[in-house]
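Engineer: Before I ask anything, let me first share the structure, which is written out below as structure tokens.
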Amino acid sequence: MALVLNLNDYKAPHLEVDFGFKKVSVKLTDDTTSKMSAFTVDANKMLKEADKLTDDELSKLPRQKAKERLENVLGDARDLLEGAFDELFGEPGLGVELYNRLGKSTVSLANVFSRVNDEVNNANQHKEDQKLNRYNRRHNNSKKK
């Protein structure tokens with residue numbers, strides 16, 4: 001008995017994202033998925049750091065210092081997210097464009113990134129489910145013969 005596989009059924013899926021002003025796509029390789037996870041972890045840490053800046057903590061600082069502190073924390077997260085969009089989709093300037101179109105909100109940019117990350121996870125899971133279903137169908141059919 002010989003097993004014949006159509007390798008096209010097993011290729012990494014593509015994710016296409018339409019941001020309204022631009023359509024981009026990315027092939028969901030292991031490298032892409034791992035980068036996406038790393039960016040998500042880093043961005044979440046930075047945003048949690050921003051959340052930890054309490055009004056009480058900031059009120060103890062002079063107004064200008066408080067503003068700088070908050071801007072630095074949010075700026076680091078924004079820079080990371082902007083770079084993540086650029087790198088993942090191979091589109092330099094995409095992250096900055098998204099940030100500007102989202103009203104210059106780092107939290108909104110993080111929410112969009114999170115939504116894209118959810119779709120990456122869904123696409124990967126869907127592809128794995130398809131492979132498993134094909135395997136199960138073939139395996140069950142060969143047992144019946």
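FYI, nothing fancy with the structure tokens labels: chains A, B, ... in order, residues from 1 per chain, ligands from 1 as they appear.
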So that I can check the surroundings of region 93-99 of chain A, please list as a PDB file with N, CA and C atoms, in the first residue's frame every protein, DNA and RNA residue that reaches within 12 Å of it, counting only C-alpha atoms and ignoring chain neighbours fewer than 6 positions away.
Structural biologist:
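As written to disk, around.pdb reads:
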```
ATOM      1  N   ASP A  18      -7.851  43.197   5.335  1.00  0.00           N
ATOM      2  CA  ASP A  18      -8.244  44.423   4.647  1.00  0.00           C
ATOM      3  C   ASP A  18      -8.465  45.483   5.716  1.00  0.00           C
ATOM      4  N   PHE A  19      -7.552  46.453   5.768  1.00  0.00           N
ATOM      5  CA  PHE A  19      -7.644  47.526   6.755  1.00  0.00           C
ATOM      6  C   PHE A  19      -8.517  48.682   6.267  1.00  0.00           C
ATOM      7  N   GLY A  20      -9.132  48.514   5.112  1.00  0.00           N
ATOM      8  CA  GLY A  20      -9.969  49.580   4.573  1.00  0.00           C
ATOM      9  C   GLY A  20      -9.204  50.460   3.597  1.00  0.00           C
ATOM     10  N   PHE A  21      -8.025  50.855   3.956  1.00  0.00           N
ATOM     11  CA  PHE A  21      -7.203  51.697   3.092  1.00  0.00           C
ATOM     12  C   PHE A  21      -6.141  50.866   2.371  1.00  0.00           C
ATOM     13  N   LYS A  22      -5.950  49.619   2.830  1.00  0.00           N
ATOM     14  CA  LYS A  22      -4.917  48.767   2.244  1.00  0.00           C
ATOM     15  C   LYS A  22      -5.201  47.313   2.598  1.00  0.00           C
ATOM     16  N   LYS A  23      -4.991  46.437   1.600  1.00  0.00           N
ATOM     17  CA  LYS A  23      -5.079  44.995   1.840  1.00  0.00           C
ATOM     18  C   LYS A  23      -3.661  44.450   1.914  1.00  0.00           C
ATOM     19  N   VAL A  24      -3.434  43.609   2.908  1.00  0.00           N
ATOM     20  CA  VAL A  24      -2.131  42.978   3.078  1.00  0.00           C
ATOM     21  C   VAL A  24      -2.354  41.497   3.369  1.00  0.00           C
ATOM     22  N   GLY A  75       4.669  55.170  24.330  1.00  0.00           N
ATOM     23  CA  GLY A  75       5.499  55.274  23.132  1.00  0.00           C
ATOM     24  C   GLY A  75       6.254  53.987  22.843  1.00  0.00           C
ATOM     25  N   ALA A  77       5.329  50.949  23.701  1.00  0.00           N
ATOM     26  CA  ALA A  77       4.344  49.970  23.227  1.00  0.00           C
ATOM     27  C   ALA A  77       3.940  50.283  21.790  1.00  0.00           C
ATOM     28  N   ARG A  78       3.717  51.555  21.492  1.00  0.00           N
ATOM     29  CA  ARG A  78       3.328  51.959  20.139  1.00  0.00           C
ATOM     30  C   ARG A  78       4.429  51.614  19.133  1.00  0.00           C
ATOM     31  N   ASP A  79       5.674  51.922  19.481  1.00  0.00           N
ATOM     32  CA  ASP A  79       6.798  51.616  18.589  1.00  0.00           C
ATOM     33  C   ASP A  79       6.867  50.119  18.297  1.00  0.00           C
ATOM     34  N   LEU A  80       6.686  49.318  19.335  1.00  0.00           N
ATOM     35  CA  LEU A  80       6.708  47.871  19.168  1.00  0.00           C
ATOM     36  C   LEU A  80       5.595  47.418  18.219  1.00  0.00           C
ATOM     37  N   LEU A  81       4.380  47.911  18.452  1.00  0.00           N
ATOM     38  CA  LEU A  81       3.240  47.499  17.637  1.00  0.00           C
ATOM     39  C   LEU A  81       3.364  47.980  16.194  1.00  0.00           C
ATOM     40  N   GLU A  82       3.795  49.219  16.026  1.00  0.00           N
ATOM     41  CA  GLU A  82       3.974  49.734  14.660  1.00  0.00           C
ATOM     42  C   GLU A  82       4.991  48.873  13.912  1.00  0.00           C
ATOM     43  N   GLY A  83       6.091  48.566  14.571  1.00  0.00           N
ATOM     44  CA  GLY A  83       7.115  47.725  13.960  1.00  0.00           C
ATOM     45  C   GLY A  83       6.615  46.317  13.675  1.00  0.00           C
ATOM     46  N   ALA A  84       5.759  45.813  14.559  1.00  0.00           N
ATOM     47  CA  ALA A  84       5.205  44.469  14.378  1.00  0.00           C
ATOM     48  C   ALA A  84       4.364  44.402  13.109  1.00  0.00           C
ATOM     49  N   PHE A  85       3.503  45.386  12.897  1.00  0.00           N
ATOM     50  CA  PHE A  85       2.686  45.404  11.683  1.00  0.00           C
ATOM     51  C   PHE A  85       3.573  45.484  10.440  1.00  0.00           C
ATOM     52  N   ASP A  86       4.571  46.351  10.493  1.00  0.00           N
ATOM     53  CA  ASP A  86       5.486  46.503   9.354  1.00  0.00           C
ATOM     54  C   ASP A  86       6.191  45.183   9.043  1.00  0.00           C
ATOM     55  N   GLU A  87       6.721  44.544  10.083  1.00  0.00           N
ATOM     56  CA  GLU A  87       7.499  43.324   9.898  1.00  0.00           C
ATOM     57  C   GLU A  87       6.643  42.140   9.466  1.00  0.00           C
ATOM     58  N   SER A 105      -4.094  56.353  18.859  1.00  0.00           N
ATOM     59  CA  SER A 105      -4.371  55.651  20.106  1.00  0.00           C
ATOM     60  C   SER A 105      -3.598  54.338  20.141  1.00  0.00           C
ATOM     61  N   THR A 106      -2.666  54.240  21.086  1.00  0.00           N
ATOM     62  CA  THR A 106      -1.892  53.016  21.238  1.00  0.00           C
ATOM     63  C   THR A 106      -2.790  51.854  21.668  1.00  0.00           C
ATOM     64  N   VAL A 107      -3.760  52.126  22.514  1.00  0.00           N
ATOM     65  CA  VAL A 107      -4.682  51.075  22.958  1.00  0.00           C
ATOM     66  C   VAL A 107      -5.479  50.540  21.768  1.00  0.00           C
ATOM     67  N   SER A 108      -5.936  51.429  20.892  1.00  0.00           N
ATOM     68  CA  SER A 108      -6.665  50.987  19.699  1.00  0.00           C
ATOM     69  C   SER A 108      -5.767  50.161  18.786  1.00  0.00           C
ATOM     70  N   LEU A 109      -4.517  50.592  18.633  1.00  0.00           N
ATOM     71  CA  LEU A 109      -3.562  49.845  17.811  1.00  0.00           C
ATOM     72  C   LEU A 109      -3.339  48.454  18.399  1.00  0.00           C
ATOM     73  N   ALA A 110      -3.259  48.365  19.717  1.00  0.00           N
ATOM     74  CA  ALA A 110      -3.101  47.076  20.390  1.00  0.00           C
ATOM     75  C   ALA A 110      -4.324  46.197  20.169  1.00  0.00           C
ATOM     76  N   ASN A 111      -5.508  46.802  20.183  1.00  0.00           N
ATOM     77  CA  ASN A 111      -6.742  46.039  19.958  1.00  0.00           C
ATOM     78  C   ASN A 111      -6.786  45.479  18.539  1.00  0.00           C
ATOM     79  N   VAL A 112      -6.349  46.270  17.554  1.00  0.00           N
ATOM     80  CA  VAL A 112      -6.301  45.790  16.174  1.00  0.00           C
ATOM     81  C   VAL A 112      -5.282  44.649  16.069  1.00  0.00           C
ATOM     82  N   PHE A 113      -4.134  44.821  16.694  1.00  0.00           N
ATOM     83  CA  PHE A 113      -3.113  43.775  16.678  1.00  0.00           C
ATOM     84  C   PHE A 113      -3.656  42.495  17.309  1.00  0.00           C
TER      85      PHE A 113
END
```
Engineer: I need the helix (DSSP H, G or I) residues of chain A per DSSP on the backbone, written as a ChimeraX atom specification.
Structural biologist: /A:7-10,30-52,55-59,63-89,94-101,106-144
Engineer: For CA of Ser25 (chain A) and CA of Glu119 (chain A), quote the distance in Å rounded to one decimal.
Structural biologist: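 Computed distance, CA of Ser25 (chain A) to CA of Glu119 (chain A), equals 12.0 Å.
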Engineer: DSSP on the backbone: what in chain A comes out strand (DSSP E or B), as a list in words?
Structural biologist: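 Filtering chain A down to strand (DSSP E or B) leaves His14, Leu15, Glu16, Val17, Asp18, Lys23, Val24, Ser25, Val26 and Lys27 of chain A.
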Engineer: Would you save the residues of that selection, restricted to all heavy atoms, as a compact mmCIF listing (two decimals), in the first residue's frame?
Structural biologist:
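Saved result, part.txt, follows:
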```txt
# COMPACT_ATOMS: atom_id res chain seq x y z
N HIS A 14 -2.50 31.30 4.28
CA HIS A 14 -2.29 32.75 4.16
C HIS A 14 -3.41 33.45 4.91
O HIS A 14 -4.54 32.97 4.94
CB HIS A 14 -2.37 33.19 2.69
CG HIS A 14 -1.08 33.09 1.98
ND1 HIS A 14 -0.61 31.91 1.46
CD2 HIS A 14 -0.14 34.02 1.68
CE1 HIS A 14 0.55 32.11 0.87
NE2 HIS A 14 0.86 33.38 0.99
N LEU A 15 -3.08 34.57 5.49
CA LEU A 15 -4.09 35.42 6.11
C LEU A 15 -4.08 36.74 5.36
O LEU A 15 -3.04 37.37 5.24
CB LEU A 15 -3.79 35.67 7.59
CG LEU A 15 -4.74 36.63 8.30
CD1 LEU A 15 -6.14 36.02 8.40
CD2 LEU A 15 -4.22 36.99 9.67
N GLU A 16 -5.24 37.11 4.84
CA GLU A 16 -5.37 38.41 4.18
C GLU A 16 -6.16 39.32 5.11
O GLU A 16 -7.17 38.91 5.67
CB GLU A 16 -6.09 38.26 2.84
CG GLU A 16 -6.17 39.58 2.10
CD GLU A 16 -6.79 39.45 0.72
OE1 GLU A 16 -6.07 39.02 -0.20
OE2 GLU A 16 -7.98 39.78 0.59
N VAL A 17 -5.66 40.53 5.27
CA VAL A 17 -6.32 41.51 6.13
C VAL A 17 -6.61 42.75 5.29
O VAL A 17 -5.72 43.28 4.63
CB VAL A 17 -5.44 41.89 7.34
CG1 VAL A 17 -6.15 42.90 8.23
CG2 VAL A 17 -5.05 40.66 8.14
N ASP A 18 -7.85 43.20 5.34
CA ASP A 18 -8.24 44.42 4.65
C ASP A 18 -8.47 45.48 5.72
O ASP A 18 -9.41 45.42 6.49
CB ASP A 18 -9.53 44.19 3.85
CG ASP A 18 -9.94 45.40 3.03
OD1 ASP A 18 -9.38 46.50 3.24
OD2 ASP A 18 -10.83 45.25 2.18
N LYS A 23 -4.99 46.44 1.60
CA LYS A 23 -5.08 45.00 1.84
C LYS A 23 -3.66 44.45 1.91
O LYS A 23 -2.82 44.79 1.09
CB LYS A 23 -5.82 44.29 0.70
CG LYS A 23 -7.30 44.46 0.72
CD LYS A 23 -7.95 43.64 -0.37
CE LYS A 23 -9.43 43.91 -0.40
NZ LYS A 23 -10.10 43.15 -1.46
N VAL A 24 -3.43 43.61 2.91
CA VAL A 24 -2.13 42.98 3.08
C VAL A 24 -2.35 41.50 3.37
O VAL A 24 -3.44 41.09 3.78
CB VAL A 24 -1.32 43.63 4.22
CG1 VAL A 24 -0.92 45.05 3.87
CG2 VAL A 24 -2.07 43.60 5.53
N SER A 25 -1.31 40.71 3.16
CA SER A 25 -1.43 39.29 3.49
C SER A 25 -0.11 38.80 4.04
O SER A 25 0.95 39.41 3.83
CB SER A 25 -1.85 38.47 2.27
OG SER A 25 -0.82 38.44 1.31
N VAL A 26 -0.20 37.71 4.75
CA VAL A 26 0.98 37.10 5.34
C VAL A 26 0.79 35.59 5.29
O VAL A 26 -0.31 35.07 5.48
CB VAL A 26 1.20 37.60 6.79
CG1 VAL A 26 0.06 37.22 7.70
CG2 VAL A 26 2.52 37.11 7.34
N LYS A 27 1.88 34.90 4.98
CA LYS A 27 1.89 33.44 5.02
C LYS A 27 2.15 33.02 6.45
O LYS A 27 3.10 33.49 7.08
CB LYS A 27 2.96 32.90 4.08
CG LYS A 27 2.90 31.43 3.86
CD LYS A 27 3.89 31.01 2.79
CE LYS A 27 3.68 29.56 2.43
NZ LYS A 27 4.59 29.17 1.35
```
Engineer: Can you pull out the residues contacting Ser37 (chain A)? Cut-off 8 Å, using only C-alpha atoms, and skip same-chain residues under 4 positions away; I want them as a short mmCIF file (atom, residue, chain, number, x, y, z; two decimals) with all heavy atoms, in the first residue's frame.
Structural biologist:
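The resulting file, part_14.cif, is shown below:
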```
data_model
loop_
_atom_site.label_atom_id
_atom_site.label_comp_id
_atom_site.auth_asym_id
_atom_site.auth_seq_id
_atom_site.Cartn_x
_atom_site.Cartn_y
_atom_site.Cartn_z
N THR A 33 4.12 32.90 13.02
CA THR A 33 3.32 32.62 14.22
C THR A 33 4.13 32.89 15.48
O THR A 33 3.62 33.46 16.45
CB THR A 33 2.82 31.16 14.18
OG1 THR A 33 2.09 30.96 12.97
CG2 THR A 33 1.92 30.86 15.35
N VAL A 41 3.13 39.11 23.49
CA VAL A 41 3.60 39.06 24.88
C VAL A 41 4.25 40.39 25.27
O VAL A 41 3.96 40.96 26.32
CB VAL A 41 4.58 37.88 25.08
CG1 VAL A 41 5.31 37.98 26.39
CG2 VAL A 41 3.83 36.56 24.99
N ASN A 117 -4.05 38.87 15.64
CA ASN A 117 -3.48 37.69 16.31
C ASN A 117 -4.54 36.60 16.48
O ASN A 117 -4.25 35.42 16.28
CB ASN A 117 -2.89 38.09 17.66
CG ASN A 117 -2.14 36.95 18.31
OD1 ASN A 117 -1.33 36.29 17.68
ND2 ASN A 117 -2.42 36.71 19.58
#
```
Engineer: Return the single residue from A:Thr29, A:Ser114, A:Val73, A:Asn124 that is closest to Lys45 (chain A), with distances computed using only C-alpha atoms.
Structural biologist: A:Val73
Engineer: Which is closer to Thr32 (chain A) than all the others in A:Leu61, A:Gln125, A:Lys48, A:Ala12, using only C-alpha atoms?
Structural biologist: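 Of A:Leu61, A:Gln125, A:Lys48, A:Ala12, the one nearest Thr32 (chain A), counting only C-alpha atoms, is A:Ala12.
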